[in-house]
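Below is final-v9.pdb, which holds PDB, C-alpha atoms, pLDDT in the B column.
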```
ATOM      1  CA  MET A   1       0.000   0.000   0.000  1.00 91.00           C
ATOM      2  CA  GLU A   2       1.309   3.441  -0.920  1.00 96.00           C
ATOM      3  CA  ALA A   3       2.078   5.634   2.100  1.00 98.00           C
ATOM      4  CA  TRP A   4       2.810   9.376   1.861  1.00 98.00           C
ATOM      5  CA  LYS A   5       5.061  11.625   3.957  1.00 98.00           C
ATOM      6  CA  ASP A   6       6.089  15.264   3.654  1.00 98.00           C
ATOM      7  CA  VAL A   7       9.294  15.961   1.744  1.00 98.00           C
ATOM      8  CA  LYS A   8      11.840  17.160   4.290  1.00 96.00           C
ATOM      9  CA  GLY A   9      12.434  20.889   3.890  1.00 96.00           C
ATOM     10  CA  PHE A  10       9.239  21.268   1.835  1.00 97.00           C
ATOM     11  CA  GLU A  11       6.655  20.310   4.485  1.00 96.00           C
ATOM     12  CA  GLY A  12       3.109  21.273   3.547  1.00 94.00           C
ATOM     13  CA  TYR A  13       4.062  21.810  -0.100  1.00 95.00           C
ATOM     14  CA  TYR A  14       5.244  18.421  -1.391  1.00 98.00           C
ATOM     15  CA  ALA A  15       4.941  14.777  -0.324  1.00 98.00           C
ATOM     16  CA  VAL A  16       6.794  11.617  -1.350  1.00 98.00           C
ATOM     17  CA  SER A  17       5.398   8.100  -1.335  1.00 98.00           C
ATOM     18  CA  SER A  18       6.795   4.754  -0.246  1.00 98.00           C
ATOM     19  CA  ILE A  19       6.777   3.608  -3.890  1.00 98.00           C
ATOM     20  CA  GLY A  20       8.635   6.634  -5.265  1.00 98.00           C
ATOM     21  CA  ASN A  21       5.905   9.023  -6.370  1.00 98.00           C
ATOM     22  CA  VAL A  22       6.124  12.732  -5.538  1.00 98.00           C
ATOM     23  CA  LYS A  23       3.139  15.050  -5.382  1.00 98.00           C
ATOM     24  CA  SER A  24       2.517  18.737  -5.043  1.00 97.00           C
ATOM     25  CA  LEU A  25       0.033  19.305  -2.228  1.00 97.00           C
ATOM     26  CA  ASP A  26      -3.199  21.280  -2.456  1.00 95.00           C
ATOM     27  CA  ARG A  27      -2.501  24.856  -1.344  1.00 91.00           C
ATOM     28  CA  THR A  28      -3.031  28.548  -2.016  1.00 88.00           C
ATOM     29  CA  ILE A  29      -0.060  30.807  -2.709  1.00 82.00           C
ATOM     30  CA  GLN A  30      -0.219  34.553  -2.166  1.00 82.00           C
ATOM     31  CA  GLY A  31       1.524  36.273  -5.074  1.00 81.00           C
ATOM     32  CA  LYS A  32       2.402  39.945  -5.424  1.00 85.00           C
ATOM     33  CA  ARG A  33      -0.969  40.760  -6.969  1.00 91.00           C
ATOM     34  CA  CYS A  34      -3.245  37.788  -6.392  1.00 92.00           C
ATOM     35  CA  LYS A  35      -3.697  34.388  -4.799  1.00 91.00           C
ATOM     36  CA  THR A  36      -3.071  31.240  -6.830  1.00 88.00           C
ATOM     37  CA  HIS A  37      -4.649  27.912  -5.934  1.00 90.00           C
ATOM     38  CA  ILE A  38      -2.545  24.851  -6.652  1.00 89.00           C
ATOM     39  CA  LYS A  39      -4.408  21.547  -6.834  1.00 95.00           C
ATOM     40  CA  GLU A  40      -2.825  18.385  -5.522  1.00 96.00           C
ATOM     41  CA  ARG A  41      -1.192  16.365  -8.301  1.00 97.00           C
ATOM     42  CA  VAL A  42       1.410  13.674  -8.781  1.00 98.00           C
ATOM     43  CA  MET A  43       4.439  15.272 -10.385  1.00 97.00           C
ATOM     44  CA  ARG A  44       6.202  14.244 -13.558  1.00 97.00           C
ATOM     45  CA  GLN A  45       9.655  12.779 -12.979  1.00 98.00           C
ATOM     46  CA  HIS A  46      12.570  13.396 -15.311  1.00 97.00           C
ATOM     47  CA  VAL A  47      15.386  10.910 -15.808  1.00 96.00           C
ATOM     48  CA  GLY A  48      18.758  12.652 -15.972  1.00 92.00           C
ATOM     49  CA  LYS A  49      21.855  11.637 -17.901  1.00 92.00           C
ATOM     50  CA  ASP A  50      22.922   9.719 -14.793  1.00 91.00           C
ATOM     51  CA  GLY A  51      19.804   7.521 -15.038  1.00 93.00           C
ATOM     52  CA  TYR A  52      18.214   8.714 -11.766  1.00 96.00           C
ATOM     53  CA  PRO A  53      14.640  10.043 -11.730  1.00 98.00           C
ATOM     54  CA  SER A  54      14.349  13.542 -10.281  1.00 98.00           C
ATOM     55  CA  VAL A  55      11.694  16.173  -9.663  1.00 98.00           C
ATOM     56  CA  GLN A  56      11.813  19.936  -9.541  1.00 97.00           C
ATOM     57  CA  LEU A  57      10.423  21.439  -6.329  1.00 97.00           C
ATOM     58  CA  PHE A  58      10.017  25.136  -5.582  1.00 93.00           C
ATOM     59  CA  SER A  59      10.608  27.020  -2.362  1.00 91.00           C
ATOM     60  CA  GLY A  60      10.504  30.802  -2.125  1.00 85.00           C
ATOM     61  CA  GLY A  61      10.202  30.974  -5.906  1.00 84.00           C
ATOM     62  CA  LYS A  62      13.487  29.113  -6.398  1.00 94.00           C
ATOM     63  CA  PRO A  63      13.665  25.732  -8.174  1.00 96.00           C
ATOM     64  CA  PHE A  64      15.397  22.731  -6.600  1.00 97.00           C
ATOM     65  CA  THR A  65      16.036  19.575  -8.634  1.00 97.00           C
ATOM     66  CA  LEU A  66      16.095  16.604  -6.271  1.00 98.00           C
ATOM     67  CA  LYS A  67      16.662  12.877  -6.805  1.00 98.00           C
ATOM     68  CA  VAL A  68      13.578  10.807  -6.001  1.00 98.00           C
ATOM     69  CA  HIS A  69      15.485   7.960  -4.316  1.00 98.00           C
ATOM     70  CA  ARG A  70      16.966  10.416  -1.781  1.00 98.00           C
ATOM     71  CA  LEU A  71      13.535  11.909  -1.058  1.00 98.00           C
ATOM     72  CA  VAL A  72      12.102   8.421  -0.388  1.00 98.00           C
ATOM     73  CA  ALA A  73      15.049   7.456   1.835  1.00 98.00           C
ATOM     74  CA  GLN A  74      14.922  10.722   3.805  1.00 98.00           C
ATOM     75  CA  ALA A  75      11.196  10.316   4.436  1.00 98.00           C
ATOM     76  CA  PHE A  76      10.962   6.592   5.166  1.00 98.00           C
ATOM     77  CA  LEU A  77      14.367   5.209   6.217  1.00 98.00           C
ATOM     78  CA  ASP A  78      16.114   5.901   9.509  1.00 97.00           C
ATOM     79  CA  ASN A  79      19.735   6.965   9.145  1.00 97.00           C
ATOM     80  CA  PRO A  80      21.136   6.865  12.712  1.00 96.00           C
ATOM     81  CA  ASP A  81      24.749   6.653  11.484  1.00 96.00           C
ATOM     82  CA  ASN A  82      24.241   9.667   9.193  1.00 96.00           C
ATOM     83  CA  LEU A  83      25.394   7.708   6.129  1.00 96.00           C
ATOM     84  CA  PRO A  84      25.779   9.913   3.044  1.00 96.00           C
ATOM     85  CA  GLU A  85      24.495   7.809   0.132  1.00 97.00           C
ATOM     86  CA  VAL A  86      21.401   5.852  -0.860  1.00 98.00           C
ATOM     87  CA  ASN A  87      21.918   2.484  -2.554  1.00 97.00           C
ATOM     88  CA  HIS A  88      19.408   0.751  -4.859  1.00 97.00           C
ATOM     89  CA  ILE A  89      19.556  -2.825  -3.547  1.00 96.00           C
ATOM     90  CA  ASP A  90      18.474  -4.376  -6.879  1.00 95.00           C
ATOM     91  CA  GLY A  91      20.751  -2.018  -8.848  1.00 93.00           C
ATOM     92  CA  ASN A  92      17.793  -0.515 -10.752  1.00 95.00           C
ATOM     93  CA  LYS A  93      17.926   3.302 -10.513  1.00 95.00           C
ATOM     94  CA  GLN A  94      14.272   3.466 -11.589  1.00 96.00           C
ATOM     95  CA  ASN A  95      13.047   1.298  -8.673  1.00 98.00           C
ATOM     96  CA  ASN A  96      12.598   3.860  -5.899  1.00 98.00           C
ATOM     97  CA  THR A  97      10.370   1.817  -3.602  1.00 98.00           C
ATOM     98  CA  VAL A  98      11.382   2.088   0.044  1.00 98.00           C
ATOM     99  CA  ASP A  99      12.077  -1.674   0.243  1.00 98.00           C
ATOM    100  CA  ASN A 100      14.712  -1.314  -2.496  1.00 98.00           C
ATOM    101  CA  LEU A 101      16.682   1.482  -0.822  1.00 98.00           C
ATOM    102  CA  GLU A 102      19.280   1.574   1.947  1.00 98.00           C
ATOM    103  CA  TRP A 103      21.572   4.202   3.444  1.00 98.00           C
ATOM    104  CA  CYS A 104      25.245   3.400   2.880  1.00 97.00           C
ATOM    105  CA  THR A 105      28.783   4.729   2.579  1.00 96.00           C
ATOM    106  CA  ARG A 106      30.404   5.625  -0.755  1.00 93.00           C
ATOM    107  CA  GLY A 107      32.605   2.541  -0.488  1.00 93.00           C
ATOM    108  CA  HIS A 108      29.651   0.221   0.070  1.00 94.00           C
ATOM    109  CA  ASN A 109      27.821   1.766  -2.887  1.00 93.00           C
ATOM    110  CA  ILE A 110      30.809   1.264  -5.204  1.00 90.00           C
ATOM    111  CA  ARG A 111      31.483  -2.315  -4.011  1.00 91.00           C
ATOM    112  CA  HIS A 112      27.789  -3.110  -4.530  1.00 92.00           C
ATOM    113  CA  ALA A 113      27.967  -1.722  -8.087  1.00 90.00           C
ATOM    114  CA  PHE A 114      30.985  -3.939  -8.873  1.00 88.00           C
ATOM    115  CA  ARG A 115      29.385  -7.024  -7.237  1.00 88.00           C
ATOM    116  CA  THR A 116      26.146  -6.627  -9.182  1.00 86.00           C
ATOM    117  CA  GLY A 117      27.909  -5.837 -12.477  1.00 84.00           C
ATOM    118  CA  LEU A 118      26.645  -2.253 -12.692  1.00 84.00           C
ATOM    119  CA  ILE A 119      30.269  -1.122 -12.965  1.00 80.00           C
ATOM    120  CA  LYS A 120      32.747  -3.259 -14.837  1.00 78.00           C
ATOM    121  CA  LYS A 121      36.448  -3.073 -14.037  1.00 72.00           C
ATOM    122  CA  GLU A 122      37.376  -2.771 -17.719  1.00 69.00           C
ATOM    123  CA  ASN A 123      35.196   0.353 -18.049  1.00 64.00           C
ATOM    124  CA  MET A 124      37.072   2.198 -15.326  1.00 65.00           C
ATOM    125  CA  ARG A 125      39.650   4.726 -16.419  1.00 66.00           C
ATOM    126  CA  SER A 126      42.421   5.944 -14.251  1.00 68.00           C
ATOM    127  CA  ASN A 127      42.813   9.603 -13.395  1.00 75.00           C
ATOM    128  CA  ALA A 128      46.414   8.967 -12.363  1.00 82.00           C
ATOM    129  CA  LYS A 129      48.954  11.465 -13.658  1.00 90.00           C
ATOM    130  CA  LYS A 130      52.547  10.540 -14.376  1.00 94.00           C
ATOM    131  CA  VAL A 131      55.069  11.997 -11.935  1.00 96.00           C
ATOM    132  CA  ARG A 132      58.749  12.752 -12.564  1.00 96.00           C
ATOM    133  CA  ARG A 133      61.199  12.667  -9.665  1.00 97.00           C
ATOM    134  CA  SER A 134      64.144  15.110  -9.679  1.00 96.00           C
ATOM    135  CA  ASP A 135      66.547  12.249 -10.566  1.00 96.00           C
ATOM    136  CA  GLY A 136      64.596  11.686 -13.809  1.00 95.00           C
ATOM    137  CA  VAL A 137      62.642   8.571 -12.792  1.00 96.00           C
ATOM    138  CA  VAL A 138      59.029   8.692 -14.040  1.00 96.00           C
ATOM    139  CA  PHE A 139      56.198   6.999 -12.139  1.00 95.00           C
ATOM    140  CA  ASP A 140      52.676   6.147 -13.340  1.00 92.00           C
ATOM    141  CA  SER A 141      51.025   7.766 -10.307  1.00 92.00           C
ATOM    142  CA  LEU A 142      51.512   9.786  -7.142  1.00 93.00           C
ATOM    143  CA  THR A 143      51.052   6.586  -5.147  1.00 91.00           C
ATOM    144  CA  LYS A 144      53.890   4.759  -6.939  1.00 94.00           C
ATOM    145  CA  ALA A 145      56.173   7.788  -6.678  1.00 95.00           C
ATOM    146  CA  ALA A 146      55.555   8.003  -2.923  1.00 95.00           C
ATOM    147  CA  GLU A 147      56.022   4.258  -2.346  1.00 95.00           C
ATOM    148  CA  GLU A 148      59.272   4.063  -4.344  1.00 95.00           C
ATOM    149  CA  SER A 149      60.662   7.221  -2.733  1.00 95.00           C
ATOM    150  CA  GLY A 150      59.824   6.298   0.855  1.00 94.00           C
ATOM    151  CA  THR A 151      57.538   9.251   1.517  1.00 94.00           C
ATOM    152  CA  HIS A 152      53.859  10.016   1.872  1.00 95.00           C
ATOM    153  CA  ILE A 153      51.597  10.582  -1.149  1.00 93.00           C
ATOM    154  CA  SER A 154      50.436  13.959   0.182  1.00 94.00           C
ATOM    155  CA  ASP A 155      54.046  15.226   0.272  1.00 95.00           C
ATOM    156  CA  VAL A 156      54.615  14.147  -3.336  1.00 96.00           C
ATOM    157  CA  SER A 157      51.336  15.848  -4.302  1.00 94.00           C
ATOM    158  CA  MET A 158      52.356  19.064  -2.546  1.00 95.00           C
ATOM    159  CA  CYS A 159      55.668  19.042  -4.446  1.00 96.00           C
ATOM    160  CA  CYS A 160      53.862  18.524  -7.760  1.00 95.00           C
ATOM    161  CA  HIS A 161      51.544  21.439  -6.966  1.00 95.00           C
ATOM    162  CA  GLY A 162      54.432  23.719  -5.969  1.00 94.00           C
ATOM    163  CA  LYS A 163      53.533  23.888  -2.273  1.00 95.00           C
ATOM    164  CA  LEU A 164      56.611  21.974  -1.130  1.00 94.00           C
ATOM    165  CA  ALA A 165      60.107  22.157  -2.651  1.00 95.00           C
ATOM    166  CA  HIS A 166      61.143  18.573  -1.909  1.00 94.00           C
ATOM    167  CA  THR A 167      60.441  15.512   0.182  1.00 94.00           C
ATOM    168  CA  ALA A 168      62.600  12.499   0.984  1.00 94.00           C
ATOM    169  CA  GLY A 169      65.469  14.312  -0.772  1.00 95.00           C
ATOM    170  CA  TYR A 170      63.656  14.619  -4.094  1.00 96.00           C
ATOM    171  CA  GLY A 171      61.624  17.169  -5.988  1.00 96.00           C
ATOM    172  CA  PHE A 172      58.557  16.016  -7.921  1.00 96.00           C
ATOM    173  CA  GLU A 173      56.540  17.311 -10.855  1.00 95.00           C
ATOM    174  CA  PHE A 174      53.684  16.139 -13.031  1.00 95.00           C
ATOM    175  CA  VAL A 175      54.783  14.976 -16.468  1.00 93.00           C
TER
END
```
When written as structure tokens, how does the structure in this file appear?
Amino acid sequence: MEAWKDVKGFEGYYAVSSIGNVKSLDRTIQGKRCKTHIKERVMRQHVGKDGYPSVQLFSGGKPFTLKVHRLVAQAFLDNPDNLPEVNHIDGNKQNNTVDNLEWCTRGHNIRHAFRTGLIKKENMRSNAKKVRRSDGVVFDSLTKAAEESGTHISDVSMCCHGKLAHTAGYGFEFV
């Protein structure tokens, strides 16, 4: 059975359901010149490039585009550990029923995507930049440069960004 709760931050204006519908609530708005009556209606959802359904809500005349799965989770799921992300248990971004959602960490969300095949290892590209040490040795990443030089990755990064002259006896720069 579909249950409805107010959208957090938009109480009295919008509600979200346990199956992922969002509705604008019946209300009268006082404009500059006249009153406008808004009838209750289920809102149209738009699927973004990322594949997540979203709705546009208004507050104080300003539009806010919000993901439906987050609205459902905020309204219906407790989050005592204040976890930052909402995971679709079945991996289907369109299935925003409360039973298909869970609060999680970024790491859990990514591991779940790999386990369920939503992300494939071969589709991942590395953002690693090559790093040259002052003795001419080139490394494929900051991590490798730090490991081989016996220093911390943040020190190598600071050298590459010009915030530190050298670390572990070496200077470093991006190639």
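What the PyMOL selection byres ((chain A and resi 92) around 12) matches in the given file is Gly51, Tyr52, Pro53, His69, Asn87, His88, Ile89, Asp90, Gly91, Lys93, Gln94, Asn95, Asn96, Thr97, Asn100, Leu101, Ala113, Thr116, Gly117 and Leu118 of chain A.
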Save the residues we just selected, C-alpha atoms, as a PDB file, keeping the file's coordinate frame?
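Generated file (out-v6.pdb):
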```
ATOM      1  CA  GLY A  51      19.804   7.521 -15.038  1.00 93.00           C
ATOM      2  CA  TYR A  52      18.214   8.714 -11.766  1.00 96.00           C
ATOM      3  CA  PRO A  53      14.640  10.043 -11.730  1.00 98.00           C
ATOM      4  CA  HIS A  69      15.485   7.960  -4.316  1.00 98.00           C
ATOM      5  CA  ASN A  87      21.918   2.484  -2.554  1.00 97.00           C
ATOM      6  CA  HIS A  88      19.408   0.751  -4.859  1.00 97.00           C
ATOM      7  CA  ILE A  89      19.556  -2.825  -3.547  1.00 96.00           C
ATOM      8  CA  ASP A  90      18.474  -4.376  -6.879  1.00 95.00           C
ATOM      9  CA  GLY A  91      20.751  -2.018  -8.848  1.00 93.00           C
ATOM     10  CA  LYS A  93      17.926   3.302 -10.513  1.00 95.00           C
ATOM     11  CA  GLN A  94      14.272   3.466 -11.589  1.00 96.00           C
ATOM     12  CA  ASN A  95      13.047   1.298  -8.673  1.00 98.00           C
ATOM     13  CA  ASN A  96      12.598   3.860  -5.899  1.00 98.00           C
ATOM     14  CA  THR A  97      10.370   1.817  -3.602  1.00 98.00           C
ATOM     15  CA  ASN A 100      14.712  -1.314  -2.496  1.00 98.00           C
ATOM     16  CA  LEU A 101      16.682   1.482  -0.822  1.00 98.00           C
ATOM     17  CA  ALA A 113      27.967  -1.722  -8.087  1.00 90.00           C
ATOM     18  CA  THR A 116      26.146  -6.627  -9.182  1.00 86.00           C
ATOM     19  CA  GLY A 117      27.909  -5.837 -12.477  1.00 84.00           C
ATOM     20  CA  LEU A 118      26.645  -2.253 -12.692  1.00 84.00           C
TER      21      LEU A 118
END
```
So what does the PyMOL selection byres ((chain A and resi 105) around 7) actually pick up in this one, as an mmCIF file with C-alpha atoms, keeping the file's coordinate frame?
```cif
data_model
loop_
_atom_site.group_PDB
_atom_site.id
_atom_site.type_symbol
_atom_site.label_atom_id
_atom_site.label_comp_id
_atom_site.auth_asym_id
_atom_site.auth_seq_id
_atom_site.Cartn_x
_atom_site.Cartn_y
_atom_site.Cartn_z
ATOM 1 C CA LEU A 83 25.394 7.708 6.129
ATOM 2 C CA PRO A 84 25.779 9.913 3.044
ATOM 3 C CA GLU A 85 24.495 7.809 0.132
ATOM 4 C CA CYS A 104 25.245 3.400 2.880
ATOM 5 C CA ARG A 106 30.404 5.625 -0.755
ATOM 6 C CA GLY A 107 32.605 2.541 -0.488
ATOM 7 C CA HIS A 108 29.651 0.221 0.070
ATOM 8 C CA ASN A 109 27.821 1.766 -2.887
#
```
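For the pair atom CA of A:Val7 and atom CA of A:Gln74, the separation is 8.0 Å.
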Neighbour list for stretch 130-140 of chain A as a short mmCIF file (atom, residue, chain, number, x, y, z; two decimals) with C-alpha atoms, in the coordinates of the input, cut-off 10 Å, only C-alpha atoms, skip fewer than 6 positions in-chain:
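Output file part-v5.cif is given in full below:
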```cif
data_model
loop_
_atom_site.label_atom_id
_atom_site.label_comp_id
_atom_site.auth_asym_id
_atom_site.auth_seq_id
_atom_site.Cartn_x
_atom_site.Cartn_y
_atom_site.Cartn_z
CA ALA A 146 55.56 8.00 -2.92
CA GLU A 148 59.27 4.06 -4.34
CA SER A 149 60.66 7.22 -2.73
CA VAL A 156 54.62 14.15 -3.34
CA SER A 157 51.34 15.85 -4.30
CA CYS A 159 55.67 19.04 -4.45
CA CYS A 160 53.86 18.52 -7.76
CA HIS A 166 61.14 18.57 -1.91
CA GLY A 169 65.47 14.31 -0.77
CA TYR A 170 63.66 14.62 -4.09
CA GLY A 171 61.62 17.17 -5.99
CA PHE A 172 58.56 16.02 -7.92
CA GLU A 173 56.54 17.31 -10.86
CA PHE A 174 53.68 16.14 -13.03
CA VAL A 175 54.78 14.98 -16.47
#
```
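Picture a line from atom CA of A:Lys67 to atom CA of A:Lys39; it runs 22.8 Å.
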Picked residues, the PyMOL selection byres ((chain A and resi 37) around 12), as a list in words: Ser24, Leu25, Asp26, Arg27, Thr28, Ile29, Gln30, Gly31, Cys34, Lys35, Thr36, Ile38, Lys39 and Glu40 of chain A
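Coordinates place atom CA of A:Arg111 at a distance of 24.2 Å from atom CA of A:Phe76.
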